[in-house]
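Peer 1: What follows is protein.cif; its format and atoms are mmCIF, C-alpha atoms and all ligand atoms.
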```
data_entry
#
loop_
_atom_site.label_atom_id
_atom_site.label_comp_id
_atom_site.auth_asym_id
_atom_site.auth_seq_id
_atom_site.Cartn_x
_atom_site.Cartn_y
_atom_site.Cartn_z
CA MET M 1 69.60 118.91 92.82
CA THR M 2 70.99 116.09 94.94
CA ARG M 3 74.67 116.79 95.60
CA LEU M 4 77.21 113.99 95.29
CA VAL M 5 80.19 113.36 97.58
CA GLY M 6 82.26 110.23 98.08
CA ILE M 7 85.53 108.58 98.85
CA PHE M 8 88.15 107.47 96.30
CA GLY M 9 90.13 104.37 97.29
CA TYR M 10 91.14 100.94 96.09
CA PRO M 11 90.04 98.52 97.38
CA LEU M 12 87.27 100.13 99.38
CA SER M 13 85.11 97.37 100.82
CA HIS M 14 85.59 98.27 104.51
CA SER M 15 85.30 102.07 104.58
CA LEU M 16 83.30 103.57 107.46
CA SER M 17 83.26 107.04 105.85
CA PRO M 18 79.95 106.62 103.96
CA ALA M 19 78.06 105.87 107.21
CA ILE M 20 79.83 108.65 109.15
CA GLN M 21 79.38 111.35 106.51
CA GLN M 22 75.83 110.45 105.51
CA ALA M 23 74.80 110.83 109.16
CA ALA M 24 76.14 114.40 109.12
CA PHE M 25 74.43 115.35 105.83
CA ASP M 26 71.12 113.90 107.04
CA TYR M 27 71.41 115.71 110.39
CA HIS M 28 71.62 119.05 108.54
CA ASN M 29 68.90 118.05 106.01
CA ILE M 30 71.37 118.57 103.16
CA ASP M 31 70.23 116.82 99.99
CA ALA M 32 73.45 114.90 99.39
CA VAL M 33 74.53 111.31 98.91
CA TYR M 34 77.96 110.14 100.09
CA SER M 35 79.18 107.01 98.29
CA PRO M 36 82.20 104.69 98.20
CA TRP M 37 83.87 105.28 94.83
CA GLN M 38 86.15 102.30 94.38
CA THR M 39 88.70 103.56 91.87
CA PRO M 40 91.71 101.64 90.51
CA PRO M 41 94.82 103.79 89.98
CA ASP M 42 94.45 103.93 86.18
CA ALA M 43 90.94 105.40 86.50
CA LEU M 44 91.80 108.09 89.05
CA ALA M 45 92.33 110.97 86.61
CA SER M 46 89.00 110.48 84.83
CA GLU M 47 87.10 110.00 88.11
CA ILE M 48 88.61 113.18 89.58
CA ALA M 49 87.61 115.09 86.43
CA LYS M 50 83.96 114.16 87.09
CA LEU M 51 84.09 116.23 90.31
CA ARG M 52 84.00 119.34 88.12
CA GLY M 53 80.35 118.63 87.36
CA ASP M 54 77.76 120.85 89.14
CA GLN M 55 76.35 118.02 91.22
CA TYR M 56 79.59 117.34 93.06
CA LEU M 57 80.57 118.90 96.40
CA GLY M 58 83.96 117.21 96.78
CA ALA M 59 85.48 113.99 97.97
CA ASN M 60 87.65 112.14 100.44
CA VAL M 61 90.72 110.25 99.28
CA THR M 62 92.22 107.15 100.86
CA ILE M 63 94.77 104.37 100.17
CA PRO M 64 96.40 104.25 97.63
CA HIS M 65 95.55 107.64 96.10
CA LYS M 66 96.49 110.27 98.69
CA GLU M 67 99.73 111.28 96.97
CA GLN M 68 98.88 110.59 93.32
CA VAL M 69 95.69 112.64 93.50
CA MET M 70 97.64 115.86 94.02
CA ARG M 71 98.64 116.14 90.37
CA HIS M 72 94.98 116.20 89.28
CA LEU M 73 93.96 119.17 91.46
CA ASP M 74 94.11 122.92 90.74
CA ARG M 75 95.47 123.98 94.11
CA ILE M 76 96.90 122.30 97.22
CA ASP M 77 96.60 123.81 100.69
CA GLN M 78 99.92 124.53 102.46
CA MET M 79 99.51 121.85 105.16
CA ALA M 80 98.72 119.17 102.56
CA THR M 81 101.75 120.32 100.56
CA ASP M 82 103.98 120.01 103.63
CA ILE M 83 102.59 116.57 104.49
CA GLY M 84 102.74 115.49 100.86
CA ALA M 85 99.27 113.93 100.86
CA VAL M 86 95.66 114.99 100.25
CA ASN M 87 92.71 113.27 101.94
CA THR M 88 90.01 115.84 101.15
CA ILE M 89 89.03 117.57 97.90
CA VAL M 90 86.81 120.65 98.06
CA LYS M 91 85.15 122.46 95.13
CA GLU M 92 85.93 126.15 95.60
CA GLY M 93 84.34 128.04 92.71
CA SER M 94 85.59 126.25 89.62
CA GLU M 95 88.70 124.95 91.37
CA LEU M 96 89.39 121.57 92.93
CA VAL M 97 91.40 122.24 96.08
CA GLY M 98 93.28 119.56 98.07
CA TYR M 99 93.45 119.53 101.86
CA ASN M 100 94.82 117.18 104.50
CA THR M 101 92.60 116.82 107.57
CA ASP M 102 94.43 113.74 108.96
CA ALA M 103 96.97 115.79 110.95
CA TYR M 104 94.19 117.81 112.59
CA GLY M 105 92.12 114.66 113.25
CA PHE M 106 95.11 112.90 114.76
CA ILE M 107 96.13 115.67 117.17
CA ARG M 108 92.59 116.50 118.24
CA SER M 109 91.73 112.86 118.97
CA LEU M 110 95.08 112.29 120.71
CA LYS M 111 94.54 115.24 123.05
CA GLU M 112 90.87 114.47 123.71
CA GLY M 113 91.43 110.75 124.16
CA SER M 114 94.48 110.88 126.41
CA GLY M 115 94.77 114.39 127.85
CA LEU M 116 98.40 114.34 126.65
CA GLU M 117 100.05 117.60 125.67
CA PRO M 118 102.69 116.51 123.10
CA MET M 119 104.99 119.48 123.70
CA GLY M 120 108.25 118.33 125.31
CA LYS M 121 107.38 114.61 125.08
CA ARG M 122 109.52 111.80 123.59
CA ALA M 123 107.55 110.28 120.72
CA LEU M 124 107.91 107.01 118.83
CA LEU M 125 106.08 106.78 115.52
CA LEU M 126 105.59 103.37 113.87
CA GLY M 127 105.27 103.66 110.10
CA ALA M 128 106.37 105.94 107.29
CA GLY M 129 103.37 105.81 104.92
CA GLY M 130 100.72 108.46 104.29
CA ALA M 131 99.18 108.38 107.78
CA ALA M 132 102.62 108.47 109.40
CA ARG M 133 103.56 111.53 107.34
CA ALA M 134 100.56 113.41 108.74
CA ALA M 135 101.36 112.28 112.30
CA ALA M 136 105.06 113.16 112.03
CA TYR M 137 104.25 116.61 110.71
CA ALA M 138 101.62 117.16 113.42
CA LEU M 139 103.93 116.01 116.24
CA ALA M 140 106.73 118.25 114.98
CA GLN M 141 104.31 121.19 114.85
CA GLU M 142 103.24 120.39 118.40
CA ARG M 143 106.92 120.52 119.42
CA VAL M 144 107.59 117.07 120.84
CA ILE M 145 111.16 117.13 122.14
CA CYS M 146 112.30 114.20 120.01
CA LEU M 147 110.75 111.86 117.46
CA THR M 148 111.85 108.35 116.46
CA ILE M 149 110.35 107.10 113.21
CA ALA M 150 110.41 103.29 112.97
CA ASN M 151 109.48 101.50 109.77
CA ARG M 152 109.78 98.05 108.22
CA THR M 153 111.42 99.68 105.18
CA LEU M 154 114.15 101.77 106.78
CA SER M 155 114.74 103.97 103.72
CA ARG M 156 111.17 105.31 103.92
CA ALA M 157 111.66 106.21 107.59
CA GLU M 158 114.95 107.92 106.74
CA SER M 159 113.35 109.91 103.98
CA LEU M 160 110.50 111.07 106.23
CA ALA M 161 112.94 111.90 109.04
CA GLY M 162 114.95 114.02 106.59
CA GLU M 163 111.88 116.08 105.76
CA ILE M 164 110.75 116.47 109.38
CA ARG M 165 114.26 117.53 110.47
CA LYS M 166 113.58 120.88 108.78
CA ILE M 167 111.08 121.70 111.55
CA LEU M 168 112.25 119.35 114.36
CA PRO M 169 116.02 118.82 114.77
CA GLU M 170 115.78 115.80 117.12
CA VAL M 171 114.39 113.21 114.73
CA ARG M 172 115.88 109.82 113.84
CA ALA M 173 114.92 106.80 111.77
CA ILE M 174 115.20 103.14 112.80
CA ALA M 175 114.11 99.80 111.38
CA THR M 176 111.29 97.92 113.11
CA GLY M 177 113.07 94.57 112.81
CA GLY M 178 115.85 95.04 115.37
CA PRO M 179 116.47 95.76 119.09
CA ASP M 180 116.45 99.54 118.50
CA LEU M 181 112.67 99.47 118.41
CA GLN M 182 112.24 97.93 121.86
CA GLU M 183 114.78 100.37 123.26
CA ALA M 184 113.04 103.38 121.71
CA SER M 185 109.72 102.10 123.01
CA ARG M 186 110.98 101.82 126.61
CA GLU M 187 111.90 105.52 126.48
CA ALA M 188 108.76 106.81 124.79
CA ASP M 189 106.11 108.99 126.45
CA LEU M 190 103.98 108.63 123.34
CA ILE M 191 103.80 105.67 120.93
CA VAL M 192 101.78 106.09 117.73
CA ASN M 193 101.06 103.20 115.41
CA SER M 194 100.43 104.42 111.88
CA THR M 195 101.21 101.15 110.16
CA SER M 196 98.46 98.75 109.11
CA MET M 197 99.86 96.18 111.56
CA GLY M 198 97.00 94.64 113.53
CA MET M 199 94.35 95.65 111.00
CA TRP M 200 91.63 93.21 110.05
CA TYR M 201 91.99 91.58 106.63
CA GLY M 202 95.57 92.90 106.22
CA GLU M 203 98.88 91.00 106.15
CA GLY M 204 99.60 92.10 109.76
CA GLU M 205 96.20 91.03 111.14
CA GLY M 206 96.45 89.82 114.76
CA GLN M 207 100.04 91.10 115.12
CA THR M 208 101.82 93.81 117.10
CA MET M 209 105.38 95.14 116.92
CA LEU M 210 105.48 95.93 120.64
CA THR M 211 104.59 93.95 123.73
CA ALA M 212 103.73 95.09 127.27
CA ASP M 213 107.28 94.65 128.57
CA SER M 214 108.57 97.43 126.32
CA ILE M 215 105.82 99.98 127.06
CA LEU M 216 106.05 102.43 129.98
CA LEU M 217 103.25 102.52 132.54
CA THR M 218 103.16 106.28 132.04
CA ALA M 219 103.05 106.13 128.23
CA VAL M 220 100.20 107.05 125.92
CA VAL M 221 99.73 104.48 123.16
CA TYR M 222 97.73 105.64 120.16
CA ASP M 223 96.74 103.19 117.43
CA MET M 224 95.42 104.70 114.19
CA VAL M 225 94.00 101.33 113.23
CA TYR M 226 90.27 101.29 114.08
CA ASN M 227 89.34 97.84 112.80
CA PRO M 228 89.37 95.96 115.14
CA PRO M 229 88.37 98.55 117.77
CA GLU M 230 90.83 96.88 120.19
CA THR M 231 94.05 96.04 118.31
CA PRO M 232 96.77 93.65 119.56
CA LEU M 233 98.96 96.71 120.32
CA MET M 234 96.18 98.26 122.41
CA VAL M 235 95.81 94.99 124.34
CA GLU M 236 99.56 94.98 125.11
CA ALA M 237 99.50 98.66 126.09
CA ARG M 238 96.64 98.04 128.52
CA HIS M 239 98.63 95.17 130.06
CA ALA M 240 101.48 97.63 130.57
CA GLY M 241 99.07 100.01 132.34
CA ALA M 242 99.48 102.70 129.66
CA THR M 243 96.79 105.14 128.49
CA VAL M 244 95.31 103.83 125.25
CA VAL M 245 93.54 105.59 122.35
CA GLY M 246 92.11 103.83 119.28
CA GLY M 247 91.81 105.18 115.73
CA LEU M 248 88.04 105.66 115.38
CA SER M 249 88.10 109.14 116.94
CA MET M 250 90.73 110.26 114.40
CA LEU M 251 88.55 108.99 111.59
CA ILE M 252 85.64 110.99 112.98
CA HIS M 253 87.61 114.22 113.46
CA GLN M 254 89.32 114.13 110.06
CA GLY M 255 85.89 113.44 108.55
CA ALA M 256 84.28 116.24 110.54
CA ALA M 257 86.88 118.72 109.28
CA ALA M 258 86.19 117.59 105.70
CA PHE M 259 82.41 117.93 106.21
CA GLN M 260 82.84 121.48 107.49
CA ARG M 261 84.88 122.41 104.43
CA TRP M 262 82.29 121.00 102.00
CA THR M 263 79.24 122.48 103.69
CA GLY M 264 80.36 125.39 105.91
CA LYS M 265 78.32 123.76 108.68
CA GLU M 266 79.34 122.45 112.08
CA ALA M 267 79.84 118.69 112.02
CA PRO M 268 77.66 116.73 114.49
CA ILE M 269 80.60 114.88 116.09
CA THR M 270 78.62 112.73 118.55
CA LEU M 271 76.22 111.57 115.85
CA MET M 272 79.10 110.80 113.47
CA MET M 273 80.84 108.79 116.21
CA GLU M 274 77.66 106.77 116.82
CA ALA M 275 77.32 106.11 113.08
CA GLY M 276 80.98 105.00 112.95
CA GLU M 277 80.58 102.68 115.93
CA GLU M 278 77.44 101.20 114.42
CA ALA M 279 79.12 100.61 111.04
CA LEU M 280 82.12 99.08 112.81
CA SER M 281 79.94 96.73 114.84
CA GLN M 282 78.29 95.60 111.60
CA MET M 283 81.77 94.81 110.25
CA VAL M 284 82.39 92.72 113.38
CA SER M 285 79.17 90.77 113.08
CA GLY M 286 79.42 90.56 109.27
P1 LIG J 1 100.35 103.27 103.70
O1 LIG J 1 100.72 104.60 103.14
O2 LIG J 1 100.09 102.14 102.78
O3 LIG J 1 101.51 102.86 104.75
C1 LIG J 1 101.47 101.61 105.38
C2 LIG J 1 102.52 101.57 106.50
O4 LIG J 1 102.37 100.33 107.21
C3 LIG J 1 103.96 101.60 106.00
O5 LIG J 1 104.78 102.21 106.98
C4 LIG J 1 104.28 100.08 105.89
O6 LIG J 1 105.65 99.79 105.98
C5 LIG J 1 103.58 99.58 107.13
N1 LIG J 1 103.20 98.17 107.05
C6 LIG J 1 102.22 97.61 106.30
N2 LIG J 1 102.13 96.29 106.54
C7 LIG J 1 103.08 96.00 107.47
C8 LIG J 1 103.49 94.81 108.10
N3 LIG J 1 102.90 93.63 107.85
N4 LIG J 1 104.51 94.88 108.98
C9 LIG J 1 105.10 96.06 109.27
N5 LIG J 1 104.76 97.22 108.69
C10 LIG J 1 103.76 97.20 107.80
O7 LIG J 1 99.02 103.38 104.60
P2 LIG J 1 98.54 104.63 105.47
O8 LIG J 1 97.60 105.45 104.72
O9 LIG J 1 99.73 105.27 106.06
O10 LIG J 1 97.66 103.87 106.61
C11 LIG J 1 98.28 103.10 107.61
C12 LIG J 1 97.24 102.64 108.63
O11 LIG J 1 96.68 103.78 109.28
C13 LIG J 1 96.09 101.87 108.02
O12 LIG J 1 95.73 100.83 108.89
C14 LIG J 1 94.97 102.90 107.97
O13 LIG J 1 93.69 102.30 108.06
C15 LIG J 1 95.28 103.72 109.21
N6 LIG J 1 94.74 105.08 109.11
C16 LIG J 1 93.82 105.45 110.01
C17 LIG J 1 93.30 106.72 109.95
C18 LIG J 1 92.26 107.14 110.97
O14 LIG J 1 91.58 108.13 110.73
N7 LIG J 1 92.15 106.42 112.08
C19 LIG J 1 93.71 107.63 108.96
C20 LIG J 1 94.67 107.20 108.05
C21 LIG J 1 95.17 105.91 108.12
P3 LIG J 1 106.56 99.75 104.64
O15 LIG J 1 106.93 101.17 104.35
O16 LIG J 1 107.73 98.93 105.04
O17 LIG J 1 105.74 99.11 103.57
#
```
For this file, produce the structure as structure tokens.
Ligand code: NAP

Peer 2:
Amino acid sequence: MTRLVGIFGYPLSHSLSPAIQQAAFDYHNIDAVYSPWQTPPDALASEIAKLRGDQYLGANVTIPHKEQVMRHLDRIDQMATDIGAVNTIVKEGSELVGYNTDAYGFIRSLKEGSGLEPMGKRALLLGAGGAARAAAYALAQERVICLTIANRTLSRAESLAGEIRKILPEVRAIATGGPDLQEASREADLIVNSTSMGMWYGEGEGQTMLTADSILLTAVVYDMVYNPPETPLMVEARHAGATVVGGLSMLIHQGAAAFQRWTGKEAPITLMMEAGEEALSQMVSG
């Protein structure tokens, strides 16, 4: 029986996950097909219910379903509960179990890509959406010394800061519109963009909140956005002389962790990275 796996999202036209995951299934000769399952919010419940069929191994979940999906699952792993978002569903016996592999993917790719050890560092996080929640939780777990959460909608940053304060006392929220952001940036050892600013096809395409003059030479600048591979923020960070990491490696590592949960097999990271780069280059030329 061919097993079915896929990703729930809406819209879903630019996902790299099918190429990345299919490469891993094929490498292990697992008879499985990974598909993009474009799912509008009102169809989510019925689509999740289909996963209970024998053919299905599980699924990934992306924008805008990472929070809403939780109510349709039988059990949620502790880390996903703490983050408040699920990006991976695994069939365990008859149960649908929700996990979050974004935090793991973020920290692993940050450390591998920059050599930075977050402990004791001053961190600035741009964004307060689902990806930012995972990053904030991960940075608090890694014991950064202080964390500033900057978001266009200040109330969302304040709400996230309130939750993170339970594990990291030195956390504050600011708005991205004012001078506070530039000031926080000039003091940051680590800057993480987890907004969709700079992303192709989005409302912030071609834009960055920070320019080279507010980024330290010694800083690490990490952009979760992977399309384009070199975002406007990354360009500015390179001008500042900072160490720069793009979002593709996070996508690979969160996907690899999901693959391992579905199959129990080691994910072929290098192969998945090549498949991701190839799919991304097709997006560029297409
Ligand atoms: P989300 O929950 O929809 O949150 C979007 C965030 O971006 C919010 O903080 C939002 O601010 C902010 N934002 C959106 N447009 C903006 C604009 N024009 N100006 C300023 N701020 C803006 O999305 P998400 O799941 O957190 O994803 C955010 C980004 O991370 C996306 O680009 C996604 O592709 C990327 N991501 C990458 C990976 C990876 O593996 N590399 C994993 C997850 C996500 P408001 O609160 O004010 O609306």

Peer 1: Determine, counting only C-alpha atoms, which protein, DNA and RNA residues have an atom within 10 Å of an atom of Lys265 in chain M; residues of the same chain fewer than 3 positions away are not included. Present the result as a list of chain:residue names.

Peer 2: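 Contacts, with the query itself left out: M:Ala24, M:Phe25, M:His28, M:Ala256, M:Ala257, M:Phe259, M:Gln260, M:Arg261, M:Trp262, M:Pro268.
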
Peer 1: Output the selection as an mmCIF file, in the coordinates of the input - C-alpha atoms for each residue.

Peer 2:
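Done, and the output landed in selection.cif:
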```cif
data_model
loop_
_atom_site.group_PDB
_atom_site.id
_atom_site.type_symbol
_atom_site.label_atom_id
_atom_site.label_comp_id
_atom_site.auth_asym_id
_atom_site.auth_seq_id
_atom_site.Cartn_x
_atom_site.Cartn_y
_atom_site.Cartn_z
ATOM 1 C CA ALA M 24 76.140 114.400 109.120
ATOM 2 C CA PHE M 25 74.430 115.350 105.830
ATOM 3 C CA HIS M 28 71.620 119.050 108.540
ATOM 4 C CA ALA M 256 84.280 116.240 110.540
ATOM 5 C CA ALA M 257 86.880 118.720 109.280
ATOM 6 C CA PHE M 259 82.410 117.930 106.210
ATOM 7 C CA GLN M 260 82.840 121.480 107.490
ATOM 8 C CA ARG M 261 84.880 122.410 104.430
ATOM 9 C CA TRP M 262 82.290 121.000 102.000
ATOM 10 C CA PRO M 268 77.660 116.730 114.490
#
```

Peer 1: Check the smallest atom-to-atom distance from each of M:Thr218, M:Gln22, M:Thr263, M:Thr195 to ligand LIG 1 (chain J) using only C-alpha atoms and all ligand atoms, then report the winner.

Peer 2: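 Checking each candidate against ligand LIG 1 (chain J), we get M:Thr195 as the closest.
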
Peer 1: Can you tell me, as number ranges by chain, which residues sit within 9 Å of (90.1, 112.8, 112.6) in the file's frame, using all atoms listed in the file?

Peer 2: M: 101-109, 247-257

Peer 1: Starting from the point (90.6, 111.5, 85.6), work out which residues of protein, DNA or RNA have an atom no more than 12 Å away when counting only C-alpha atoms; state them as a list in words.

Peer 2: Phe8, Thr39, Pro40, Pro41, Asp42, Ala43, Leu44, Ala45, Ser46, Glu47, Ile48, Ala49, Lys50, Leu51, Arg52, Gln68, Val69, Met70, Arg71, His72 and Leu73 of chain M

Peer 1: Skip Pro11 in chain M itself and residues of its chain fewer than 5 positions away, then list as a PyMOL selection string all residues within 12 Å of it, counting all atoms listed in the file.

Peer 2: chain M and resi 36-41+61-65+201-202

Peer 1: Enumerate, in order of chain and increasing residue number, the residues of chain M with an atom no farther than 6 Å from ligand LIG 1 (chain J), each with its shortest atom pair and distance in Å to one decimal, counting all atoms listed in the file, as a Markdown table.

Peer 2:
```
| residue | atom | partner | partner_atom | distance |
| --- | --- | --- | --- | --- |
| M:Ile63 | CA | J:LIG1 | O8 | 5.5 |
| M:Gly127 | CA | J:LIG1 | O5 | 3.5 |
| M:Ala128 | CA | J:LIG1 | O5 | 4.1 |
| M:Gly129 | CA | J:LIG1 | O1 | 3.4 |
| M:Gly130 | CA | J:LIG1 | O9 | 3.8 |
| M:Ala131 | CA | J:LIG1 | O9 | 3.6 |
| M:Ala132 | CA | J:LIG1 | O9 | 5.5 |
| M:Asn151 | CA | J:LIG1 | O5 | 5.5 |
| M:Arg152 | CA | J:LIG1 | O16 | 3.9 |
| M:Thr153 | CA | J:LIG1 | O16 | 3.8 |
| M:Arg156 | CA | J:LIG1 | O15 | 5.9 |
| M:Ser194 | CA | J:LIG1 | O11 | 4.6 |
| M:Thr195 | CA | J:LIG1 | O4 | 3.3 |
| M:Ser196 | CA | J:LIG1 | O12 | 3.4 |
| M:Met197 | CA | J:LIG1 | C8 | 5.2 |
| M:Met199 | CA | J:LIG1 | O12 | 5.8 |
| M:Glu203 | CA | J:LIG1 | N3 | 5.1 |
| M:Gly204 | CA | J:LIG1 | N3 | 4.1 |
| M:Met224 | CA | J:LIG1 | N7 | 4.3 |
| M:Val225 | CA | J:LIG1 | O12 | 4.7 |
| M:Tyr226 | CA | J:LIG1 | N7 | 5.8 |
| M:Gly247 | CA | J:LIG1 | N7 | 3.9 |
| M:Leu248 | CA | J:LIG1 | N7 | 5.3 |
| M:Met250 | CA | J:LIG1 | O14 | 4.3 |
| M:Leu251 | CA | J:LIG1 | O14 | 3.3 |
```

Peer 1: In Å, with one decimal, what is the gap from CA of Ser35 in chain M to CA of Ala258 in chain M?

Peer 2: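 CA of Ser35 in chain M sits 14.7 Å away from CA of Ala258 in chain M.
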
Peer 1: Could you check which of M:Glu92, M:Asp77, M:Glu142, M:Glu67 is closest to Ala123 in chain M, using only C-alpha atoms?

Peer 2: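 Answer, going by the shortest atom-to-atom distance: M:Glu142.
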
Peer 1: Hey, what's within 7 Å of Ile83 in chain M if we count only C-alpha atoms and toss same-chain stuff fewer than 3 positions away? As a short mmCIF file (atom, residue, chain, number, x, y, z; two decimals) with C-alpha atoms, in the coordinates of the input, please?

Peer 2:
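Below is the file that was written, result34.cif:
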```cif
data_model
loop_
_atom_site.label_atom_id
_atom_site.label_comp_id
_atom_site.auth_asym_id
_atom_site.auth_seq_id
_atom_site.Cartn_x
_atom_site.Cartn_y
_atom_site.Cartn_z
CA MET M 79 99.51 121.85 105.16
CA ALA M 80 98.72 119.17 102.56
CA ARG M 133 103.56 111.53 107.34
CA ALA M 134 100.56 113.41 108.74
CA TYR M 137 104.25 116.61 110.71
#
```

Peer 1: Near Ser214 in chain M, counting only C-alpha atoms, which residues have an atom at most 10 Å away, once you skip same-chain residues fewer than 2 positions from it, shown as a compact mmCIF listing (two decimals) with C-alpha atoms, in the frame of the given file?

Peer 2:
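Final output, out_22.txt:
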```txt
# COMPACT_ATOMS: atom_id res chain seq x y z
CA LEU M 181 112.67 99.47 118.41
CA GLN M 182 112.24 97.93 121.86
CA GLU M 183 114.78 100.37 123.26
CA ALA M 184 113.04 103.38 121.71
CA SER M 185 109.72 102.10 123.01
CA ARG M 186 110.98 101.82 126.61
CA GLU M 187 111.90 105.52 126.48
CA ALA M 188 108.76 106.81 124.79
CA LEU M 210 105.48 95.93 120.64
CA THR M 211 104.59 93.95 123.73
CA ALA M 212 103.73 95.09 127.27
CA LEU M 216 106.05 102.43 129.98
CA LEU M 217 103.25 102.52 132.54
CA GLU M 236 99.56 94.98 125.11
CA ALA M 237 99.50 98.66 126.09
CA ALA M 240 101.48 97.63 130.57
```

Peer 1: Please, what distance in Å, to one decimal, runs between CA of Asn60 in chain M and CA of Gly264 in chain M?

Peer 2: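 Computed distance, CA of Asn60 in chain M to CA of Gly264 in chain M, equals 16.1 Å.
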
Peer 1: With distances taken over all atoms listed in the file, which of M:Glu266, M:Ile30, M:Gly162, M:Gln21 is nearest to Met1 in chain M?

Peer 2: M:Ile30

Peer 1: When you draw a straight line from CA of Leu168 in chain M to CA of Arg75 in chain M, how long is it in Å?

Peer 2: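 One can read the CA of Leu168 in chain M to CA of Arg75 in chain M distance as 26.7 Å.
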
Peer 1: Kindly indicate which residue among M:Ile149, M:Val97, M:Leu160, M:Met283 lies nearest to Ser13 in chain M, using all atoms listed in the file for the distances.

Peer 2: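 Once distances to Ser13 in chain M are computed over all atoms listed in the file, the minimum belongs to M:Met283.
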
Peer 1: Nearest to Thr2 in chain M among M:Asn29, M:Ala157, M:Met209, M:Gly115, with distances taken over all atoms listed in the file: which residue is it?

Peer 2: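 Residue with the minimum atom-to-atom distance to Thr2 in chain M: M:Asn29.
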
Peer 1: Of the residues M:Val245, M:Asn227, M:Ile145, M:Glu158, which is the one nearest to Ser15 in chain M, using only C-alpha atoms?

Peer 2: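 Once distances to Ser15 in chain M are computed over only C-alpha atoms, the minimum belongs to M:Asn227.
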
Peer 1: I want to know what sits within 7 Å of Arg122 in chain M, based on all atoms listed in the file, with residues of the same chain fewer than 2 positions away left out; could you give that as a short mmCIF file (atom, residue, chain, number, x, y, z; two decimals) with C-alpha atoms, in the coordinates of the input?

Peer 2:
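around_34.cif was written with the following content:
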```cif
data_model
loop_
_atom_site.label_atom_id
_atom_site.label_comp_id
_atom_site.auth_asym_id
_atom_site.auth_seq_id
_atom_site.Cartn_x
_atom_site.Cartn_y
_atom_site.Cartn_z
CA GLY M 120 108.25 118.33 125.31
CA LEU M 124 107.91 107.01 118.83
CA VAL M 144 107.59 117.07 120.84
CA ILE M 145 111.16 117.13 122.14
CA CYS M 146 112.30 114.20 120.01
CA LEU M 147 110.75 111.86 117.46
CA ALA M 188 108.76 106.81 124.79
CA ASP M 189 106.11 108.99 126.45
CA LEU M 190 103.98 108.63 123.34
#
```
